[in-house]
Amino acid sequence: MQDDFLTDKRILPASFGPLRGADGNARITGPCGDTMEFWLHVQDGRIQQVAFTTDGCGHSITSGDAASRLAEGKTPDEAMRIEQQDVLDAVGGLPDESRHCAFLAANTLKAAVADYLRRQAPKKTPEGDEPCDTCDKGECSAKTARPGEGPDELEERQALKRRLCRIDHKIMVLSGKGGVGKSTVAVNLAVSLMLAGKRVGLLDADIHGPSVPKMLGIEDAPVQVGDGTIVPVEVGGLKVMSIGLLLRDRDDAVIWRGPMKMNVIRQFLKDVEWGDLDYLVIDSPPGTGDEPLSVCQLIDDADGAVVVTTPQDVATADVRRSINFCRALKLPVLGVIENMSGFACPKCGRVTDIFKTGGGERMAGEMGVPFLGRIPIDPAIGEACDDGRPYVHHYARTETAKAFGRIIAPILGLSLASETVTNPATETIAGKEDVMRIAIPVADGRLSTHFGHCERFCIIDVDPKTKSIVRKEEIDAPEHQPGLLPRWLAEKGVQVIIAGGMGSRAQDLFAGSKITVVVGAPAETPERLVAGYLDGTLKTGDNVCDH
């Protein structure tokens with residue numbers, strides 16, 4: 001507890017503290033480092049009791065108590081619709097610097113409700129899912145044998161597919177160059193997704209140099225093996241597997257050729273009990289060798305790769321090969337991250353370009369792939385890795401941690417794009433359609449950088465499957481009021497916003513309304529911006545606003 005008065009039980013809300021025998025539970029650390037945990041009890045289809053704890057300030061307690069009271073008496077579905085603004089309204093408002101407490105409370109409550117709903121879902125078989133030959137997914141590649149494939153090979157491939165079918169999104173982290181901080185990015189990317197309330201697994205596919213266990217402080221964690229399955233090690237809800245967890249001595253060298261590496265990676269995918277995940281992040285070794293090739297061959301529906309580089313030409317030249325590797329294997333490139341880009345002062349947080357910068361962004365533009373953002377150097381990153389503490393968790397207030405938060409926005413958009421959304425606005429066009437609704441602030445037919453004060457929005461409905469525009473309209477923006485736009489756009493069914501620039505506080509408000517924000521977009525027409533976003537070629541730059 002940070003504040004002395006929190007130890008005075010007389011002023012704590014009645015719901016403060018764990019709830020025994022809870023039907024749902026979730027724990028999330030917010031963007032400012034405060035942690036909140038919720039428990040709830042459901043009876044006869046309604047939430048009868050909610051309890052919570054937090055290590056945050058008095059505003060965190062107030063927000064947690066308000067979210068608890070808002071949820072009690074509601075159905076789980078109704079509780080899932082409680083947003084940051086509802087909590088703020090319930091407490092009578094909070095200072096701007098403390099509004100994140102309401103955001104954290106609403107998100108943690110929803111995560112606890114989601115945990116309850118998962119527990120109520122029908123239990124899957126020990127194999128992980130129904131047999132592949134009875135699967136209702138007509139396009140599944142494991143339903144029938146491939147030419148020349150024997151029964152044993154088919155059975156093994158189906159076992160792999162059953163495991164992977166329970167993972168919504170698979171993301172590879174690649175780099176053509178060693179020493180660019182790829183594993184550091186992979187670990188903090190996975191933790192950032194987890195802190196956003198997602199169920200995440202992290203697979204360390206670097207057979208010869210596994211560093212993930214060290215970075216997470218689990219080098220000596222025991223791995224349970226039995227009944228043909230391997231139980232991943234959990235760190236605060238993050239499921240982790242690495243060859244480094246299976247070595248008798250952490251200094252042992254793994255001297256294997258390609259086929260043995262292929263077999264162990266297959267085992268990590270097929271035999272590890274990953275369970276139901278929103279994201280599996282796969283940390284691959286540098287280069288385009290056996291390990292990334294094996295992963296691509298085993299996962300035929302991977303969402304794509306995040307490519308890590310540093311700004312120098314010597315690094316970007318090798319990273320270009322990674323992008324071409326992805327293209328040769330038809331693996332989408334989700335974007336490029338420019339790591340070690342500038343130096344973030346540990347005193348004031350100001351970022352200074354002490355080395356060359358911008359090389360990764362230029363390379364992404366020349367290769368025609370998205371640029372996800374820059375991560376500055378912070379001495380605390382090295383300390384966190386050596387101490388086994390995820391940087392974004394323990395240094396959430398730093399500029400570098402905030403950079404990770406911005407980078408995961410397009411990756412979180414993968415979940416948004418894959419969800420089935422029935423949008424009433426499209427029913428008059430062609431009956432009920434599955435659409436994604438994207439909003440863009442416009443002026444004179446192009447993106448306006450005056451986001452918070454723009455006069456008009458272009459609302460575009462697209463079909464994610466065909467990547468085609470099914471509806472477009474321009475509407476007048478409401479009269480400017482602080483905090484109004486997130487609610488206004490959410491009420492109109494908007495799921496994605498493409499903007500030139502936006503402050504971190506505004507981004508938090510949109511995240512609270514389940515709206516993904518893409519910043520740094522150029523002043524192009526809405527149609528071009530949407531097309532680039534859908535096919536992964538949207539080039540984004542600095543998060544700036546000319547207002």
# chains A, B, ... in the order shown; residues from 1 in each chain; ligands from 1
$ residues_around --residues "Phe268 of chain A" --least-positions-apart "2" --cutoff "10 Å" --atoms "only C-alpha atoms" --output "ChimeraX atom specification"
/A:160,203-205,229-230,232,241-243,262-266,270-274
$ residues_around --residues "Ala22 of chain A" --least-positions-apart "6" --cutoff "10 Å" --atoms "only C-alpha atoms" --output "PDB file with C-alpha atoms, in the first residue's frame"
ATOM      1  CA  PHE A  38     -11.447  -8.397  -8.537  1.00  0.00           C
ATOM      2  CA  TRP A  39     -13.439 -11.391  -7.298  1.00  0.00           C
ATOM      3  CA  LEU A  40     -17.122 -11.968  -7.950  1.00  0.00           C
ATOM      4  CA  HIS A  41     -19.833 -14.401  -6.908  1.00  0.00           C
ATOM      5  CA  VAL A  42     -22.683 -15.191  -9.322  1.00  0.00           C
ATOM      6  CA  GLN A  49     -21.214  -9.969  -4.579  1.00  0.00           C
ATOM      7  CA  VAL A  50     -18.039  -8.268  -5.821  1.00  0.00           C
ATOM      8  CA  ALA A  51     -14.813  -7.716  -3.886  1.00  0.00           C
ATOM      9  CA  ALA A 112     -13.130 -11.060 -13.828  1.00  0.00           C
ATOM     10  CA  TYR A 116     -16.446 -16.391 -14.900  1.00  0.00           C
TER      11      TYR A 116
END
$ residues_around --residues "Glu338 of chain A" --least-positions-apart "3" --cutoff "7 Å" --atoms "only C-alpha atoms" --output "PDB file with C-alpha atoms, in the first residue's frame"
ATOM      1  CA  VAL A 308      12.829  -5.838 -34.659  1.00  0.00           C
ATOM      2  CA  THR A 309      15.753  -3.686 -35.734  1.00  0.00           C
ATOM      3  CA  THR A 310      17.996  -0.923 -34.453  1.00  0.00           C
ATOM      4  CA  PRO A 311      18.391   2.333 -36.420  1.00  0.00           C
ATOM      5  CA  SER A 341      16.067   4.528 -30.846  1.00  0.00           C
ATOM      6  CA  GLY A 360      14.004   1.321 -39.026  1.00  0.00           C
ATOM      7  CA  GLU A 361      11.214   3.653 -40.074  1.00  0.00           C
ATOM      8  CA  GLY A 373       7.115   2.686 -33.482  1.00  0.00           C
ATOM      9  CA  ARG A 374      10.380   3.465 -31.709  1.00  0.00           C
ATOM     10  CA  ILE A 375      11.567   2.186 -28.337  1.00  0.00           C
TER      11      ILE A 375
END
$ closest_residue --among "A:Arg163, A:Arg69, A:Lys514, A:Arg528" --to "Glu83 of chain A" --atoms "only C-alpha atoms"
A:Lys514
$ residues_around --residues "Val517 of chain A" --least-positions-apart "5" --cutoff "8 Å" --atoms "only C-alpha atoms" --output "PyMOL selection string"
chain A and resi 409-410+496-499+507+510-511
$ write_last_selection --atoms "N, CA and C atoms" --output "mmCIF file, in the first residue's frame"
data_model
loop_
_atom_site.group_PDB
_atom_site.id
_atom_site.type_symbol
_atom_site.label_atom_id
_atom_site.label_comp_id
_atom_site.auth_asym_id
_atom_site.auth_seq_id
_atom_site.Cartn_x
_atom_site.Cartn_y
_atom_site.Cartn_z
ATOM 1 N N ALA A 409 -1.036 -1.434 -29.870
ATOM 2 C CA ALA A 409 -2.385 -1.076 -30.319
ATOM 3 C C ALA A 409 -2.786 -1.792 -31.614
ATOM 4 N N PRO A 410 -1.940 -1.782 -32.683
ATOM 5 C CA PRO A 410 -2.338 -2.519 -33.887
ATOM 6 C C PRO A 410 -2.432 -4.022 -33.663
ATOM 7 N N VAL A 496 -12.333 1.179 -34.669
ATOM 8 C CA VAL A 496 -10.957 1.588 -34.958
ATOM 9 C C VAL A 496 -10.962 3.061 -35.325
ATOM 10 N N ILE A 497 -9.970 3.791 -34.823
ATOM 11 C CA ILE A 497 -9.782 5.189 -35.207
ATOM 12 C C ILE A 497 -8.401 5.326 -35.827
ATOM 13 N N ILE A 498 -8.331 5.962 -36.974
ATOM 14 C CA ILE A 498 -7.059 6.273 -37.612
ATOM 15 C C ILE A 498 -6.853 7.774 -37.485
ATOM 16 N N ALA A 499 -5.761 8.167 -36.815
ATOM 17 C CA ALA A 499 -5.551 9.584 -36.509
ATOM 18 C C ALA A 499 -4.116 9.978 -36.812
ATOM 19 N N GLN A 507 -5.946 8.311 -25.633
ATOM 20 C CA GLN A 507 -5.859 6.914 -26.063
ATOM 21 C C GLN A 507 -6.389 5.980 -24.981
ATOM 22 N N PHE A 510 -10.178 5.983 -25.160
ATOM 23 C CA PHE A 510 -10.694 5.170 -26.257
ATOM 24 C C PHE A 510 -10.523 3.685 -25.969
ATOM 25 N N ALA A 511 -9.396 3.313 -25.346
ATOM 26 C CA ALA A 511 -9.206 1.916 -24.974
ATOM 27 C C ALA A 511 -10.287 1.474 -24.001
#
$ closest_residue --among "A:Leu94, A:Val113, A:Cys101, A:Ile460" --to "Arg46 of chain A" --atoms "only C-alpha atoms"
A:Val113
$ atom_distance --atom1 "atom CA of Ala401 of chain A" --atom2 "atom CA of Ala105 of chain A"
20.5 Å
$ atom_distance --atom1 "atom CA of Val442 of chain A" --atom2 "atom CA of Pro464 of chain A"
22.5 Å
$ closest_atom_pairs --of "segment 130-226 of chain A" --to "segment 294-305 of chain A" --cutoff "7 Å" --atoms "only C-alpha atoms" --output "Markdown table"
| residue | atom | partner | partner_atom | distance |
| --- | --- | --- | --- | --- |
| A:His169 | CA | A:Asp303 | CA | 6.0 |
| A:Lys170 | CA | A:Ala302 | CA | 5.0 |
| A:Ile171 | CA | A:Gly304 | CA | 5.5 |
| A:Met172 | CA | A:Ala305 | CA | 4.5 |
| A:Val173 | CA | A:Ala305 | CA | 5.6 |
| A:Leu174 | CA | A:Ala305 | CA | 6.6 |
$ select_by_dssp --residues "segment 88-231 of chain A" --states "alpha helix (DSSP H)" --output "PyMOL selection string"
chain A and resi 88-91+99-120+151-164+182-195+212-216
$ closest_residue --among "A:Pro379, A:Gly342, A:Gly388, A:Gly181" --to "Asp220 of chain A" --atoms "only C-alpha atoms"
A:Gly388
$ residues_around --residues "Asp115 of chain A" --least-positions-apart "5" --cutoff "8 Å" --atoms "only C-alpha atoms" --output "PyMOL selection string"
chain A and resi 24-26
$ write_last_selection --atoms "C-alpha atoms" --output "short mmCIF file (atom, residue, chain, number, x, y, z; two decimals), in the first residue's frame"
data_model
loop_
_atom_site.label_atom_id
_atom_site.label_comp_id
_atom_site.auth_asym_id
_atom_site.auth_seq_id
_atom_site.Cartn_x
_atom_site.Cartn_y
_atom_site.Cartn_z
CA GLY A 24 -14.65 -15.23 -11.32
CA ASN A 25 -11.30 -13.56 -10.64
CA ALA A 26 -8.86 -11.27 -12.48
#
$ atom_distance --atom1 "atom CA of Glu479 of chain A" --atom2 "atom CA of Met502 of chain A"
18.1 Å
$ residues_around --residues "Glu527 of chain A" --least-positions-apart "6" --cutoff "10 Å" --atoms "only C-alpha atoms" --output "list of chain:residue names"
A:Ile440, A:Gly445, A:Arg446, A:Cys458, A:Ile460, A:Ile469, A:Lys472, A:Tyr533
$ write_last_selection --atoms "N, CA and C atoms" --output "PDB file, in the first residue's frame"
ATOM      1  N   ILE A 440     -12.376   8.293 -39.122  1.00  0.00           N
ATOM      2  CA  ILE A 440     -11.221   9.108 -39.479  1.00  0.00           C
ATOM      3  C   ILE A 440     -11.623  10.575 -39.423  1.00  0.00           C
ATOM      4  N   GLY A 445     -11.535  16.487 -47.378  1.00  0.00           N
ATOM      5  CA  GLY A 445     -11.417  15.172 -47.988  1.00  0.00           C
ATOM      6  C   GLY A 445     -10.217  14.355 -47.560  1.00  0.00           C
ATOM      7  N   ARG A 446      -9.408  14.876 -46.632  1.00  0.00           N
ATOM      8  CA  ARG A 446      -8.232  14.151 -46.159  1.00  0.00           C
ATOM      9  C   ARG A 446      -8.191  14.131 -44.635  1.00  0.00           C
ATOM     10  N   CYS A 458     -15.224  10.903 -41.022  1.00  0.00           N
ATOM     11  CA  CYS A 458     -15.618   9.960 -42.068  1.00  0.00           C
ATOM     12  C   CYS A 458     -15.742   8.588 -41.410  1.00  0.00           C
ATOM     13  N   ILE A 460     -16.404   4.672 -42.003  1.00  0.00           N
ATOM     14  CA  ILE A 460     -16.326   3.685 -43.080  1.00  0.00           C
ATOM     15  C   ILE A 460     -16.561   2.291 -42.511  1.00  0.00           C
ATOM     16  N   ILE A 469     -14.805  -1.893 -48.859  1.00  0.00           N
ATOM     17  CA  ILE A 469     -15.650  -0.894 -48.205  1.00  0.00           C
ATOM     18  C   ILE A 469     -17.105  -1.167 -48.588  1.00  0.00           C
ATOM     19  N   LYS A 472     -19.916   4.171 -46.514  1.00  0.00           N
ATOM     20  CA  LYS A 472     -19.120   5.332 -46.141  1.00  0.00           C
ATOM     21  C   LYS A 472     -20.053   6.519 -45.944  1.00  0.00           C
ATOM     22  N   TYR A 533      -4.605   0.181 -43.833  1.00  0.00           N
ATOM     23  CA  TYR A 533      -4.783  -0.467 -42.537  1.00  0.00           C
ATOM     24  C   TYR A 533      -5.188  -1.932 -42.699  1.00  0.00           C
TER      25      TYR A 533
END
$ closest_residue --among "A:Val223, A:Leu19, A:Leu293, A:Ala66" --to "Lys330 of chain A" --atoms "only C-alpha atoms"
A:Leu293
$ decode --residues "segment 498-544 of chain A" --atoms "C-alpha atoms" --output "PDB file, in the first residue's frame"
ATOM      1  CA  ILE A 498      -7.059   6.273 -37.612  1.00  0.00           C
ATOM      2  CA  ALA A 499      -5.551   9.584 -36.509  1.00  0.00           C
ATOM      3  CA  GLY A 500      -2.565  11.787 -37.111  1.00  0.00           C
ATOM      4  CA  GLY A 501      -1.848  12.371 -33.443  1.00  0.00           C
ATOM      5  CA  MET A 502      -3.454  11.812 -30.061  1.00  0.00           C
ATOM      6  CA  GLY A 503      -2.351  12.187 -26.442  1.00  0.00           C
ATOM      7  CA  SER A 504      -1.860   9.156 -24.209  1.00  0.00           C
ATOM      8  CA  ARG A 505      -4.752  10.175 -21.942  1.00  0.00           C
ATOM      9  CA  ALA A 506      -7.145  10.292 -24.889  1.00  0.00           C
ATOM     10  CA  GLN A 507      -5.859   6.914 -26.063  1.00  0.00           C
ATOM     11  CA  ASP A 508      -6.645   5.478 -22.616  1.00  0.00           C
ATOM     12  CA  LEU A 509     -10.205   6.798 -22.871  1.00  0.00           C
ATOM     13  CA  PHE A 510     -10.694   5.170 -26.257  1.00  0.00           C
ATOM     14  CA  ALA A 511      -9.206   1.916 -24.974  1.00  0.00           C
ATOM     15  CA  GLY A 512     -11.756   2.066 -22.162  1.00  0.00           C
ATOM     16  CA  SER A 513     -14.456   2.212 -24.844  1.00  0.00           C
ATOM     17  CA  LYS A 514     -12.909  -0.803 -26.653  1.00  0.00           C
ATOM     18  CA  ILE A 515     -11.765   1.351 -29.593  1.00  0.00           C
ATOM     19  CA  THR A 516      -8.368   0.685 -31.149  1.00  0.00           C
ATOM     20  CA  VAL A 517      -6.374   3.809 -32.027  1.00  0.00           C
ATOM     21  CA  VAL A 518      -3.790   4.035 -34.815  1.00  0.00           C
ATOM     22  CA  VAL A 519      -1.719   7.233 -34.635  1.00  0.00           C
ATOM     23  CA  GLY A 520       0.870   8.810 -36.901  1.00  0.00           C
ATOM     24  CA  ALA A 521      -1.191   8.343 -40.073  1.00  0.00           C
ATOM     25  CA  PRO A 522      -0.461  10.623 -43.051  1.00  0.00           C
ATOM     26  CA  ALA A 523      -2.882  13.225 -44.431  1.00  0.00           C
ATOM     27  CA  GLU A 524      -4.326  10.894 -47.077  1.00  0.00           C
ATOM     28  CA  THR A 525      -7.897  10.250 -48.179  1.00  0.00           C
ATOM     29  CA  PRO A 526      -9.966   8.026 -45.871  1.00  0.00           C
ATOM     30  CA  GLU A 527     -10.208   5.323 -48.537  1.00  0.00           C
ATOM     31  CA  ARG A 528      -6.431   5.053 -48.882  1.00  0.00           C
ATOM     32  CA  LEU A 529      -5.912   5.003 -45.127  1.00  0.00           C
ATOM     33  CA  VAL A 530      -8.475   2.243 -44.633  1.00  0.00           C
ATOM     34  CA  ALA A 531      -7.042   0.183 -47.490  1.00  0.00           C
ATOM     35  CA  GLY A 532      -3.558   0.482 -46.010  1.00  0.00           C
ATOM     36  CA  TYR A 533      -4.783  -0.467 -42.537  1.00  0.00           C
ATOM     37  CA  LEU A 534      -6.573  -3.565 -43.826  1.00  0.00           C
ATOM     38  CA  ASP A 535      -3.722  -4.922 -45.944  1.00  0.00           C
ATOM     39  CA  GLY A 536      -0.987  -4.007 -43.456  1.00  0.00           C
ATOM     40  CA  THR A 537       0.716  -1.366 -45.621  1.00  0.00           C
ATOM     41  CA  LEU A 538      -0.395   1.751 -43.739  1.00  0.00           C
ATOM     42  CA  LYS A 539       2.716   3.826 -43.097  1.00  0.00           C
ATOM     43  CA  THR A 540       2.592   5.663 -39.783  1.00  0.00           C
ATOM     44  CA  GLY A 541       5.015   8.227 -38.431  1.00  0.00           C
ATOM     45  CA  ASP A 542       5.333  10.278 -35.287  1.00  0.00           C
ATOM     46  CA  ASN A 543       2.346  10.802 -33.017  1.00  0.00           C
ATOM     47  CA  VAL A 544       1.978  14.535 -33.648  1.00  0.00           C
TER      48      VAL A 544
END
